[in-house]
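The structure file data_35.pdb is reproduced below (PDB, C-alpha atoms and all ligand atoms).
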ATOM      1  CA  GLN A   5     -51.091 -76.200  15.218
ATOM      2  CA  ALA A   6     -52.757 -72.812  15.012
ATOM      3  CA  LYS A   7     -55.159 -74.157  12.425
ATOM      4  CA  GLU A   8     -56.243 -77.031  14.608
ATOM      5  CA  GLN A   9     -56.996 -74.698  17.466
ATOM      6  CA  GLY A  10     -59.638 -73.105  15.279
ATOM      7  CA  ARG A  11     -61.368 -69.925  16.329
ATOM      8  CA  ASN A  12     -59.547 -69.320  19.575
ATOM      9  CA  GLY A  13     -57.629 -66.296  18.414
ATOM     10  CA  TYR A  14     -54.347 -67.946  17.493
ATOM     11  CA  GLN A  15     -55.269 -68.422  13.907
ATOM     12  CA  ILE A  16     -56.383 -64.835  13.466
ATOM     13  CA  TYR A  17     -53.126 -63.653  15.008
ATOM     14  CA  ASP A  18     -51.253 -65.944  12.665
ATOM     15  CA  GLU A  19     -53.045 -64.672   9.601
ATOM     16  CA  SER A  20     -52.564 -61.029  10.461
ATOM     17  CA  MET A  21     -48.866 -61.737  10.926
ATOM     18  CA  ASN A  22     -48.788 -63.287   7.488
ATOM     19  CA  ALA A  23     -50.595 -60.329   6.019
ATOM     20  CA  LYS A  24     -48.086 -57.983   7.658
ATOM     21  CA  ALA A  25     -45.150 -60.010   6.411
ATOM     22  CA  LEU A  26     -46.594 -60.080   2.919
ATOM     23  CA  GLU A  27     -47.233 -56.329   2.916
ATOM     24  CA  ARG A  28     -43.655 -55.832   4.003
ATOM     25  CA  ILE A  29     -42.275 -57.975   1.216
ATOM     26  CA  ILE A  30     -44.357 -56.116  -1.345
ATOM     27  CA  LEU A  31     -43.414 -52.733   0.067
ATOM     28  CA  GLU A  32     -39.750 -53.697   0.152
ATOM     29  CA  SER A  33     -39.632 -54.715  -3.480
ATOM     30  CA  GLN A  34     -41.598 -51.594  -4.449
ATOM     31  CA  LEU A  35     -39.151 -49.394  -2.560
ATOM     32  CA  HIS A  36     -36.184 -50.767  -4.467
ATOM     33  CA  LYS A  37     -38.105 -50.205  -7.670
ATOM     34  CA  ALA A  38     -39.061 -46.679  -6.576
ATOM     35  CA  LEU A  39     -35.433 -45.657  -6.316
ATOM     36  CA  LYS A  40     -34.595 -47.160  -9.699
ATOM     37  CA  ASP A  41     -37.648 -45.642 -11.393
ATOM     38  CA  ASN A  42     -37.123 -42.212  -9.837
ATOM     39  CA  GLU A  43     -40.457 -42.255  -7.986
ATOM     40  CA  PHE A  44     -39.267 -40.175  -5.037
ATOM     41  CA  THR A  45     -40.031 -36.509  -4.998
ATOM     42  CA  VAL A  46     -39.299 -33.517  -2.776
ATOM     43  CA  TYR A  47     -41.956 -31.509  -0.963
ATOM     44  CA  TYR A  48     -40.967 -28.258   0.717
ATOM     45  CA  GLN A  49     -42.372 -26.733   3.890
ATOM     46  CA  PRO A  50     -41.727 -23.018   4.457
ATOM     47  CA  GLN A  51     -39.964 -21.871   7.618
ATOM     48  CA  VAL A  52     -41.283 -18.471   8.613
ATOM     49  CA  CYS A  53     -39.733 -15.614  10.607
ATOM     50  CA  ALA A  54     -41.905 -15.218  13.703
ATOM     51  CA  ARG A  55     -41.347 -11.440  13.785
ATOM     52  CA  THR A  56     -41.797 -10.453  10.133
ATOM     53  CA  GLY A  57     -43.832 -13.320   8.691
ATOM     54  CA  GLU A  58     -41.328 -13.685   5.860
ATOM     55  CA  VAL A  59     -40.302 -17.096   4.530
ATOM     56  CA  VAL A  60     -36.689 -17.541   5.647
ATOM     57  CA  GLY A  61     -36.198 -21.213   4.909
ATOM     58  CA  LEU A  62     -37.559 -24.377   3.307
ATOM     59  CA  GLU A  63     -37.448 -27.873   4.768
ATOM     60  CA  ALA A  64     -37.174 -30.609   2.159
ATOM     61  CA  LEU A  65     -39.378 -33.603   2.985
ATOM     62  CA  VAL A  66     -39.324 -36.808   0.981
ATOM     63  CA  ARG A  67     -42.472 -38.158  -0.695
ATOM     64  CA  TRP A  68     -42.859 -41.356  -2.644
ATOM     65  CA  ASN A  69     -44.984 -40.845  -5.728
ATOM     66  CA  SER A  70     -45.946 -44.471  -6.214
ATOM     67  CA  ARG A  71     -47.825 -45.628  -9.285
ATOM     68  CA  GLU A  72     -49.705 -48.168  -7.175
ATOM     69  CA  LEU A  73     -50.174 -46.198  -3.959
ATOM     70  CA  GLY A  74     -50.190 -42.515  -4.932
ATOM     71  CA  ILE A  75     -48.286 -39.990  -2.781
ATOM     72  CA  VAL A  76     -46.861 -41.885   0.189
ATOM     73  CA  GLU A  77     -45.604 -40.018   3.277
ATOM     74  CA  PRO A  78     -42.329 -40.983   4.967
ATOM     75  CA  GLY A  79     -44.121 -42.372   8.023
ATOM     76  CA  ARG A  80     -45.161 -45.323   5.871
ATOM     77  CA  PHE A  81     -41.831 -46.248   4.306
ATOM     78  CA  LEU A  82     -38.872 -44.592   6.022
ATOM     79  CA  ALA A  83     -38.504 -47.096   8.871
ATOM     80  CA  LEU A  84     -38.454 -49.944   6.365
ATOM     81  CA  ALA A  85     -36.032 -48.039   4.119
ATOM     82  CA  GLU A  86     -33.766 -47.718   7.143
ATOM     83  CA  GLU A  87     -34.056 -51.396   7.937
ATOM     84  CA  ILE A  88     -33.131 -52.514   4.449
ATOM     85  CA  GLY A  89     -30.347 -49.953   4.101
ATOM     86  CA  LEU A  90     -32.064 -47.887   1.418
ATOM     87  CA  VAL A  91     -32.394 -44.692   3.432
ATOM     88  CA  ILE A  92     -28.864 -43.509   2.666
ATOM     89  CA  GLN A  93     -29.555 -43.619  -1.068
ATOM     90  CA  ILE A  94     -32.857 -41.817  -0.511
ATOM     91  CA  ASP A  95     -31.117 -39.118   1.550
ATOM     92  CA  GLN A  96     -28.446 -38.698  -1.107
ATOM     93  CA  TRP A  97     -31.028 -38.416  -3.849
ATOM     94  CA  MET A  98     -32.932 -35.842  -1.749
ATOM     95  CA  MET A  99     -29.779 -33.802  -1.213
ATOM     96  CA  ARG A 100     -28.938 -33.689  -4.907
ATOM     97  CA  GLU A 101     -32.485 -32.924  -6.043
ATOM     98  CA  ALA A 102     -33.337 -30.346  -3.357
ATOM     99  CA  CYS A 103     -30.010 -28.493  -3.775
ATOM    100  CA  ARG A 104     -30.460 -28.441  -7.551
ATOM    101  CA  GLN A 105     -34.021 -27.103  -7.271
ATOM    102  CA  HIS A 106     -33.054 -24.573  -4.635
ATOM    103  CA  LYS A 107     -30.160 -23.215  -6.709
ATOM    104  CA  ALA A 108     -32.506 -22.924  -9.686
ATOM    105  CA  TRP A 109     -34.896 -20.766  -7.614
ATOM    106  CA  ILE A 110     -32.025 -18.550  -6.495
ATOM    107  CA  ASP A 111     -30.707 -18.246 -10.053
ATOM    108  CA  ALA A 112     -34.210 -17.271 -11.150
ATOM    109  CA  GLY A 113     -33.966 -14.278  -8.823
ATOM    110  CA  PHE A 114     -35.771 -15.282  -5.648
ATOM    111  CA  ALA A 115     -34.316 -14.047  -2.375
ATOM    112  CA  PRO A 116     -32.028 -16.802  -1.080
ATOM    113  CA  VAL A 117     -33.408 -18.662   1.928
ATOM    114  CA  THR A 118     -32.094 -21.612   3.905
ATOM    115  CA  LEU A 119     -32.618 -25.162   2.627
ATOM    116  CA  ALA A 120     -33.007 -27.710   5.444
ATOM    117  CA  LEU A 121     -32.456 -31.421   4.812
ATOM    118  CA  ASN A 122     -33.161 -34.354   7.130
ATOM    119  CA  ILE A 123     -30.175 -36.652   7.546
ATOM    120  CA  SER A 124     -30.830 -40.176   8.777
ATOM    121  CA  GLY A 125     -28.592 -41.633  11.464
ATOM    122  CA  GLN A 126     -27.187 -44.191   9.041
ATOM    123  CA  HIS A 127     -26.290 -41.508   6.536
ATOM    124  CA  PHE A 128     -24.692 -39.325   9.178
ATOM    125  CA  LEU A 129     -22.565 -42.146  10.524
ATOM    126  CA  LYS A 130     -21.489 -43.331   7.103
ATOM    127  CA  ASN A 131     -17.969 -42.271   6.289
ATOM    128  CA  ASP A 132     -18.720 -40.376   3.141
ATOM    129  CA  LEU A 133     -21.330 -37.823   4.292
ATOM    130  CA  LEU A 134     -18.694 -35.103   3.967
ATOM    131  CA  ASP A 135     -17.837 -36.267   0.464
ATOM    132  CA  THR A 136     -21.495 -36.321  -0.508
ATOM    133  CA  VAL A 137     -22.102 -32.798   0.791
ATOM    134  CA  THR A 138     -18.939 -31.504  -0.889
ATOM    135  CA  ALA A 139     -19.856 -33.167  -4.186
ATOM    136  CA  VAL A 140     -23.467 -31.942  -4.189
ATOM    137  CA  LEU A 141     -22.482 -28.364  -3.317
ATOM    138  CA  GLY A 142     -19.830 -28.496  -6.028
ATOM    139  CA  GLN A 143     -22.194 -29.887  -8.653
ATOM    140  CA  THR A 144     -25.066 -27.536  -7.885
ATOM    141  CA  GLY A 145     -23.105 -24.421  -6.933
ATOM    142  CA  LEU A 146     -25.347 -23.847  -3.914
ATOM    143  CA  ASP A 147     -23.818 -21.595  -1.235
ATOM    144  CA  PRO A 148     -22.893 -23.866   1.732
ATOM    145  CA  GLY A 149     -24.230 -21.195   4.090
ATOM    146  CA  LEU A 150     -27.717 -21.833   2.692
ATOM    147  CA  LEU A 151     -27.613 -25.541   3.489
ATOM    148  CA  GLU A 152     -28.820 -26.697   6.887
ATOM    149  CA  LEU A 153     -28.564 -30.345   7.947
ATOM    150  CA  GLU A 154     -31.101 -31.637  10.489
ATOM    151  CA  LEU A 155     -29.885 -34.325  12.864
ATOM    152  CA  THR A 156     -31.626 -35.953  15.790
ATOM    153  CA  GLU A 157     -30.548 -36.241  19.398
ATOM    154  CA  GLY A 158     -30.111 -39.996  19.072
ATOM    155  CA  VAL A 159     -27.597 -39.589  16.265
ATOM    156  CA  LEU A 160     -25.622 -36.974  18.114
ATOM    157  CA  MET A 161     -25.448 -39.102  21.226
ATOM    158  CA  ALA A 162     -24.491 -42.340  19.490
ATOM    159  CA  HIS A 163     -20.826 -41.941  18.646
ATOM    160  CA  THR A 164     -19.694 -38.735  20.200
ATOM    161  CA  GLU A 165     -16.035 -38.788  19.169
ATOM    162  CA  LYS A 166     -16.686 -39.285  15.481
ATOM    163  CA  THR A 167     -19.750 -37.067  15.628
ATOM    164  CA  VAL A 168     -17.796 -34.087  16.893
ATOM    165  CA  LYS A 169     -15.273 -34.541  14.081
ATOM    166  CA  THR A 170     -17.931 -34.739  11.377
ATOM    167  CA  LEU A 171     -19.874 -31.780  12.731
ATOM    168  CA  LYS A 172     -16.744 -29.642  12.940
ATOM    169  CA  ALA A 173     -15.803 -30.508   9.366
ATOM    170  CA  LEU A 174     -19.289 -29.603   8.114
ATOM    171  CA  LYS A 175     -19.119 -26.394  10.117
ATOM    172  CA  GLU A 176     -15.799 -25.502   8.507
ATOM    173  CA  MET A 177     -17.429 -25.888   5.108
ATOM    174  CA  GLY A 178     -19.961 -23.286   6.209
ATOM    175  CA  VAL A 179     -22.916 -25.681   6.437
ATOM    176  CA  ARG A 180     -25.457 -24.971   9.189
ATOM    177  CA  LEU A 181     -26.411 -27.670  11.682
ATOM    178  CA  ALA A 182     -29.774 -28.158  13.335
ATOM    179  CA  ILE A 183     -31.070 -30.550  15.938
ATOM    180  CA  ASP A 184     -34.490 -31.899  14.963
ATOM    181  CA  ASP A 185     -37.334 -33.076  17.232
ATOM    182  CA  PHE A 186     -35.613 -31.556  20.237
ATOM    183  CA  GLY A 187     -36.894 -32.874  23.540
ATOM    184  CA  THR A 188     -38.084 -36.271  22.309
ATOM    185  CA  GLY A 189     -34.863 -38.274  22.544
ATOM    186  CA  PHE A 190     -32.641 -39.378  25.353
ATOM    187  CA  SER A 191     -29.837 -36.928  25.606
ATOM    188  CA  SER A 192     -27.625 -35.052  27.898
ATOM    189  CA  LEU A 193     -27.907 -31.303  27.529
ATOM    190  CA  SER A 194     -24.131 -31.002  27.665
ATOM    191  CA  TYR A 195     -23.939 -31.975  23.999
ATOM    192  CA  LEU A 196     -25.521 -28.656  23.098
ATOM    193  CA  LYS A 197     -22.298 -27.080  24.242
ATOM    194  CA  ARG A 198     -19.945 -29.675  22.755
ATOM    195  CA  PHE A 199     -21.389 -29.739  19.259
ATOM    196  CA  PRO A 200     -21.176 -26.734  16.904
ATOM    197  CA  LEU A 201     -24.928 -26.420  16.346
ATOM    198  CA  ASP A 202     -26.785 -23.439  14.886
ATOM    199  CA  VAL A 203     -30.451 -24.292  15.267
ATOM    200  CA  LEU A 204     -32.671 -26.112  17.711
ATOM    201  CA  LYS A 205     -36.064 -27.318  16.492
ATOM    202  CA  ILE A 206     -38.646 -27.810  19.230
ATOM    203  CA  ASP A 207     -40.644 -30.954  18.522
ATOM    204  CA  ARG A 208     -44.266 -30.483  17.612
ATOM    205  CA  THR A 209     -45.490 -32.675  20.463
ATOM    206  CA  PHE A 210     -44.584 -29.773  22.782
ATOM    207  CA  ILE A 211     -46.033 -27.082  20.522
ATOM    208  CA  ASN A 212     -49.315 -28.967  20.159
ATOM    209  CA  ASP A 213     -50.553 -28.111  23.669
ATOM    210  CA  ILE A 214     -48.550 -24.986  24.581
ATOM    211  CA  THR A 215     -51.687 -22.903  25.025
ATOM    212  CA  THR A 216     -53.507 -25.481  27.163
ATOM    213  CA  ASP A 217     -50.867 -27.531  28.993
ATOM    214  CA  PRO A 218     -48.735 -25.528  31.435
ATOM    215  CA  ASP A 219     -46.043 -28.230  31.398
ATOM    216  CA  ASP A 220     -45.585 -28.031  27.634
ATOM    217  CA  ALA A 221     -45.611 -24.236  27.856
ATOM    218  CA  ALA A 222     -42.925 -24.323  30.544
ATOM    219  CA  ILE A 223     -40.741 -26.761  28.590
ATOM    220  CA  THR A 224     -41.059 -24.650  25.454
ATOM    221  CA  LEU A 225     -40.174 -21.422  27.249
ATOM    222  CA  ALA A 226     -37.214 -22.982  29.019
ATOM    223  CA  THR A 227     -35.993 -24.420  25.711
ATOM    224  CA  ILE A 228     -36.215 -21.056  23.934
ATOM    225  CA  GLU A 229     -34.333 -19.352  26.746
ATOM    226  CA  MET A 230     -31.643 -22.010  26.962
ATOM    227  CA  ALA A 231     -31.156 -22.057  23.187
ATOM    228  CA  HIS A 232     -30.752 -18.293  23.044
ATOM    229  CA  THR A 233     -28.273 -18.345  25.922
ATOM    230  CA  LEU A 234     -26.246 -20.858  23.899
ATOM    231  CA  LYS A 235     -26.609 -18.624  20.805
ATOM    232  CA  LEU A 236     -28.781 -21.124  18.972
ATOM    233  CA  GLN A 237     -31.682 -20.088  16.797
ATOM    234  CA  VAL A 238     -35.048 -21.641  17.690
ATOM    235  CA  ILE A 239     -37.557 -23.119  15.239
ATOM    236  CA  ALA A 240     -40.948 -24.302  16.484
ATOM    237  CA  GLU A 241     -42.387 -27.253  14.525
ATOM    238  CA  GLY A 242     -46.035 -28.047  13.951
ATOM    239  CA  VAL A 243     -47.633 -24.644  14.547
ATOM    240  CA  GLU A 244     -51.291 -25.057  13.624
ATOM    241  CA  THR A 245     -53.153 -22.215  15.338
ATOM    242  CA  THR A 246     -52.797 -18.443  15.712
ATOM    243  CA  ASP A 247     -52.904 -18.896  19.505
ATOM    244  CA  GLN A 248     -49.820 -21.097  19.352
ATOM    245  CA  LEU A 249     -48.088 -18.601  17.084
ATOM    246  CA  GLU A 250     -48.920 -15.646  19.327
ATOM    247  CA  PHE A 251     -47.585 -17.510  22.324
ATOM    248  CA  LEU A 252     -44.341 -18.300  20.501
ATOM    249  CA  VAL A 253     -43.899 -14.780  19.117
ATOM    250  CA  SER A 254     -44.470 -13.196  22.500
ATOM    251  CA  HIS A 255     -41.851 -15.488  24.020
ATOM    252  CA  GLY A 256     -39.114 -14.770  21.532
ATOM    253  CA  CYS A 257     -39.216 -17.816  19.262
ATOM    254  CA  ASP A 258     -37.305 -16.950  16.068
ATOM    255  CA  THR A 259     -38.865 -19.085  13.366
ATOM    256  CA  TYR A 260     -41.804 -21.435  12.946
ATOM    257  CA  GLN A 261     -43.102 -24.117  10.624
ATOM    258  CA  GLY A 262     -46.550 -25.606  10.494
ATOM    259  CA  TYR A 263     -49.872 -26.042   8.772
ATOM    260  CA  LEU A 264     -50.914 -22.565   9.990
ATOM    261  CA  PHE A 265     -48.628 -20.998   7.387
ATOM    262  CA  SER A 266     -48.396 -23.886   4.930
ATOM    263  CA  ARG A 267     -48.335 -27.635   4.589
ATOM    264  CA  PRO A 268     -45.359 -29.149   2.778
ATOM    265  CA  LEU A 269     -45.885 -28.368  -0.918
ATOM    266  CA  PRO A 270     -44.673 -29.775  -4.221
ATOM    267  CA  PRO A 271     -42.027 -27.563  -5.870
ATOM    268  CA  GLU A 272     -44.500 -25.592  -7.996
ATOM    269  CA  GLY A 273     -46.226 -24.322  -4.861
ATOM    270  CA  ILE A 274     -43.108 -22.636  -3.479
ATOM    271  CA  PRO A 275     -42.206 -19.669  -5.749
ATOM    272  CA  PRO A 276     -45.383 -17.666  -4.906
ATOM    273  CA  LEU A 277     -44.314 -17.796  -1.244
ATOM    274  CA  LEU A 278     -40.786 -16.489  -1.858
ATOM    275  CA  THR A 279     -39.742 -12.846  -1.808
ATOM    276  CA  GLY A 280     -39.241 -11.662  -5.354
ATOM    277  CA  PHE A 281     -42.129 -13.596  -6.887
ATOM    278  CA  SER A 282     -44.363 -10.650  -7.821
ATOM    279  CA  SER A 283     -41.507  -8.696  -9.392
ATOM    280  CA  LEU A 284     -40.415 -11.772 -11.363
ATOM    281  CA  SER A 285     -43.905 -12.693 -12.451
ATOM    282  CA  SER A 286     -44.623  -9.111 -13.537
ATOM    283  CA  GLY A 287     -41.513  -9.291 -15.659
ATOM    284  CA  ALA A 288     -39.282  -6.889 -13.682
TER     285      ALA A 288
HETATM  286  P1  LIG A 301     -39.521 -33.931  10.711
HETATM  287  O1  LIG A 301     -38.215 -33.680  10.088
HETATM  288  O2  LIG A 301     -39.673 -33.586  12.140
HETATM  289  O3  LIG A 301     -40.545 -33.123   9.791
HETATM  290  C1  LIG A 301     -41.720 -32.539  10.280
HETATM  291  C2  LIG A 301     -42.935 -33.382   9.967
HETATM  292  O4  LIG A 301     -44.078 -32.738  10.538
HETATM  293  C3  LIG A 301     -43.243 -33.523   8.487
HETATM  294  O5  LIG A 301     -43.848 -34.800   8.289
HETATM  295  C4  LIG A 301     -44.278 -32.427   8.260
HETATM  296  O6  LIG A 301     -45.120 -32.670   7.153
HETATM  297  C5  LIG A 301     -45.052 -32.497   9.548
HETATM  298  N1  LIG A 301     -45.688 -31.233   9.884
HETATM  299  C6  LIG A 301     -45.309 -29.981   9.541
HETATM  300  N2  LIG A 301     -46.140 -29.050  10.049
HETATM  301  C7  LIG A 301     -47.089 -29.736  10.735
HETATM  302  C8  LIG A 301     -48.237 -29.323  11.495
HETATM  303  O7  LIG A 301     -48.551 -28.155  11.649
HETATM  304  N3  LIG A 301     -48.967 -30.324  12.076
HETATM  305  C9  LIG A 301     -48.633 -31.625  11.936
HETATM  306  N4  LIG A 301     -49.424 -32.529  12.531
HETATM  307  N5  LIG A 301     -47.562 -32.046  11.221
HETATM  308  C10 LIG A 301     -46.791 -31.102  10.640
HETATM  309  P2  LIG A 301     -43.421 -35.756   7.123
HETATM  310  O8  LIG A 301     -43.135 -34.968   5.874
HETATM  311  O9  LIG A 301     -44.419 -36.860   7.049
HETATM  312  O10 LIG A 301     -42.027 -36.326   7.621
HETATM  313  C11 LIG A 301     -41.954 -37.123   8.763
HETATM  314  C12 LIG A 301     -40.535 -37.356   9.175
HETATM  315  O11 LIG A 301     -39.853 -38.134   8.188
HETATM  316  C13 LIG A 301     -39.698 -36.100   9.296
HETATM  317  O12 LIG A 301     -39.953 -35.474  10.529
HETATM  318  C14 LIG A 301     -38.312 -36.657   9.181
HETATM  319  O13 LIG A 301     -37.881 -37.179  10.408
HETATM  320  C15 LIG A 301     -38.500 -37.788   8.206
HETATM  321  N6  LIG A 301     -38.073 -37.351   6.859
HETATM  322  C16 LIG A 301     -38.740 -36.623   5.935
HETATM  323  N7  LIG A 301     -38.017 -36.462   4.821
HETATM  324  C17 LIG A 301     -36.837 -37.093   5.025
HETATM  325  C18 LIG A 301     -35.634 -37.294   4.241
HETATM  326  O14 LIG A 301     -35.480 -36.819   3.105
HETATM  327  N8  LIG A 301     -34.629 -38.038   4.808
HETATM  328  C19 LIG A 301     -34.750 -38.544   6.067
HETATM  329  N9  LIG A 301     -33.706 -39.253   6.557
HETATM  330  N10 LIG A 301     -35.828 -38.369   6.825
HETATM  331  C20 LIG A 301     -36.872 -37.661   6.327
HETATM  332 MG    MG A 302     -36.878 -32.247  10.031
HETATM  333 MG    MG A 303     -38.888 -32.475  13.485
HETATM  334 MG    MG A 304     -40.485 -35.491  13.490
END

Now that the file is in, can you turn its structure into structure tokens?
Amino acid sequence: QAKEQGRNGYQIYDESMNAKALERIILESQLHKALKDNEFTVYYQPQVCARTGEVVGLEALVRWNSRELGIVEPGRFLALAEEIGLVIQIDQWMMREACRQHKAWIDAGFAPVTLALNISGQHFLKNDLLDTVTAVLGQTGLDPGLLELELTEGVLMAHTEKTVKTLKALKEMGVRLAIDDFGTGFSSLSYLKRFPLDVLKIDRTFINDITTDPDDAAITLATIEMAHTLKLQVIAEGVETTDQLEFLVSHGCDTYQGYLFSRPLPPEGIPPLLTGFSSLSSGA
């Protein structure tokens, strides 16, 4: 039918749908292969103390090092990985690999900093997240107090009963809990009180315009104040300019991440940024 209608737009629409579907099928089969062939890799973005400028944490961010496509960012494959149920395996691989690498840095003598991992909703709601965390900490020997799990508002709001249980159990293990992309999801603020959280990460869409948009500035300030009242630490995401940083520092933000300090880096880029590097590299 579309073919008969010729150049009236339907056919073009049809073809682009086919192209999309085809791309999806290719990507899907490549993703399965990527997991089998160990093509995923961890990049790390430093989290920096706003007062001292010291690196106090690292966020692990997945990258797909594809033979066909090069380094692929999660925006291009994570939604599909979620759809086809592969994201849990990716998260688990990330947890094992990032904890192993992090422990190796600490054993090499670098000052221990926090390691933050993104946990997908599916992974969080799966029954064995606690087992996975326990196993990985046991296998790697990483101090639970150095592990921080990032969850999103949507996940926290989805199944509150079970969520509270899981969060409390993680808390008892000594693991730190963060809420990622704060301010972008639907949520009731009351959960900030109900859940045993440690860190609130202000989404970068607010940080982007804090020096030019009074609304974003107001939201950011109110968030910092509220978080501190609730004894939560605040991390600002996506800090790209010194003006943004100065604004955040002068308003009491604890920690920041963003291109201003560093983009996410492959593992070899991290040691020079950690305290202890010069003494180690000079052989002390
Ligand atoms: P996120 O957890 O909010 O991570 C922050 C994202 O912002 C990262 O994108 C980071 O590269 C980017 N970013 C950092 N600083 C700046 C900046 O100054 N400007 C701008 N424009 N962007 C900045 P990335 O690595 O592409 O990750 C995107 C999202 O994918 C993450 O958002 C997270 O939700 C998800 N993700 C990443 N790794 C994993 C993982 O291992 N498991 C799961 N489940 N999700 C992951
Ligand atoms: Mg994150
Ligand atoms: Mg975020
Ligand atoms: Mg995000």

I'd like to see the residues matched by the PyMOL selection byres (((chain A and resi 267) around 12) and not hetatm) on this file, and ideally I'd get them as an mmCIF file with C-alpha atoms, in the frame of the given file.
data_model
loop_
_atom_site.group_PDB
_atom_site.id
_atom_site.type_symbol
_atom_site.label_atom_id
_atom_site.label_comp_id
_atom_site.auth_asym_id
_atom_site.auth_seq_id
_atom_site.Cartn_x
_atom_site.Cartn_y
_atom_site.Cartn_z
ATOM 1 C CA TYR A 47 -41.956 -31.509 -0.963
ATOM 2 C CA TYR A 48 -40.967 -28.258 0.717
ATOM 3 C CA GLN A 49 -42.372 -26.733 3.890
ATOM 4 C CA PRO A 50 -41.727 -23.018 4.457
ATOM 5 C CA GLN A 51 -39.964 -21.871 7.618
ATOM 6 C CA LEU A 62 -37.559 -24.377 3.307
ATOM 7 C CA GLU A 63 -37.448 -27.873 4.768
ATOM 8 C CA ALA A 64 -37.174 -30.609 2.159
ATOM 9 C CA LEU A 65 -39.378 -33.603 2.985
ATOM 10 C CA GLU A 241 -42.387 -27.253 14.525
ATOM 11 C CA GLY A 242 -46.035 -28.047 13.951
ATOM 12 C CA VAL A 243 -47.633 -24.644 14.547
ATOM 13 C CA GLU A 244 -51.291 -25.057 13.624
ATOM 14 C CA GLN A 261 -43.102 -24.117 10.624
ATOM 15 C CA GLY A 262 -46.550 -25.606 10.494
ATOM 16 C CA TYR A 263 -49.872 -26.042 8.772
ATOM 17 C CA LEU A 264 -50.914 -22.565 9.990
ATOM 18 C CA PHE A 265 -48.628 -20.998 7.387
ATOM 19 C CA SER A 266 -48.396 -23.886 4.930
ATOM 20 C CA PRO A 268 -45.359 -29.149 2.778
ATOM 21 C CA LEU A 269 -45.885 -28.368 -0.918
ATOM 22 C CA PRO A 270 -44.673 -29.775 -4.221
ATOM 23 C CA GLY A 273 -46.226 -24.322 -4.861
ATOM 24 C CA ILE A 274 -43.108 -22.636 -3.479
#

List every residue of chain A that has an atom at most 8 Å from any atom of ligand MG 303 (chain A), giving for each one its closest atom pair and the distance in Å to one decimal, counting all atoms listed in the file, sorted by chain and then by ascending residue number, as a tab-separated table.
residue	atom	partner	partner_atom	distance
A:Asp184	CA	A:MG303	MG	4.7
A:Asp185	CA	A:MG303	MG	4.1
A:Phe186	CA	A:MG303	MG	7.6
A:Lys205	CA	A:MG303	MG	6.6
A:Ile206	CA	A:MG303	MG	7.4
A:Asp207	CA	A:MG303	MG	5.5
A:Arg208	CA	A:MG303	MG	7.1
A:Glu241	CA	A:MG303	MG	6.4

ask   = Of the candidates A:Thr164, A:Gln34, A:Gln143, A:Ser124, which shows the shortest atom-to-atom distance to ligand LIG 301 (chain A), using all atoms listed in the file?
value =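 Comparing A:Thr164, A:Gln34, A:Gln143, A:Ser124 against ligand LIG 301 (chain A), the winner is A:Ser124.
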
task = Take the PyMOL selection byres (((chain A and resi 107) around 12) and not hetatm), apply it to the structure above, and return the hits as a VMD selection string.
result = chain A and resid 99 to 106 108 to 119 140 to 148 150 to 151

request  = Tell me, in Å to one decimal, how far atom CA of Ile92 of chain A is from atom CA of Val52 of chain A.
outcome  = 28.6 Å

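Of the listed residues A:Val203, A:Val168, A:Leu277, A:Ile123, the one whose atoms come nearest to ligand MG 302 (chain A) is A:Ile123, with distances taken using only C-alpha atoms and all ligand atoms.
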
message = Can you measure atom CA of Leu252 of chain A to atom CA of Ala221 of chain A for me? One decimal in Å is fine.
response =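 Separating atom CA of Leu252 of chain A from atom CA of Ala221 of chain A is a distance of 9.5 Å.
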
Would you fill the gaps in segment 251-257 of chain A so it has N, CA, C and O atoms, then print it as a short mmCIF file (atom, residue, chain, number, x, y, z; two decimals), in the coordinates of the input?
data_model
loop_
_atom_site.label_atom_id
_atom_site.label_comp_id
_atom_site.auth_asym_id
_atom_site.auth_seq_id
_atom_site.Cartn_x
_atom_site.Cartn_y
_atom_site.Cartn_z
N PHE A 251 -48.35 -17.10 21.14
CA PHE A 251 -47.58 -17.51 22.32
C PHE A 251 -46.09 -17.54 21.99
O PHE A 251 -45.26 -17.00 22.73
N LEU A 252 -45.75 -18.16 20.88
CA LEU A 252 -44.34 -18.30 20.50
C LEU A 252 -43.70 -16.95 20.20
O LEU A 252 -42.58 -16.66 20.63
N VAL A 253 -44.43 -16.11 19.46
CA VAL A 253 -43.90 -14.78 19.12
C VAL A 253 -43.65 -13.98 20.39
O VAL A 253 -42.59 -13.38 20.57
N SER A 254 -44.61 -14.02 21.30
CA SER A 254 -44.47 -13.20 22.50
C SER A 254 -43.38 -13.73 23.42
O SER A 254 -42.94 -13.04 24.33
N HIS A 255 -42.93 -14.96 23.19
CA HIS A 255 -41.85 -15.49 24.02
C HIS A 255 -40.53 -15.63 23.27
O HIS A 255 -39.64 -16.36 23.68
N GLY A 256 -40.43 -14.92 22.16
CA GLY A 256 -39.11 -14.77 21.53
C GLY A 256 -38.68 -15.88 20.60
O GLY A 256 -37.50 -15.92 20.21
N CYS A 257 -39.58 -16.78 20.22
CA CYS A 257 -39.22 -17.82 19.26
C CYS A 257 -38.86 -17.15 17.92
O CYS A 257 -39.51 -16.21 17.50
#
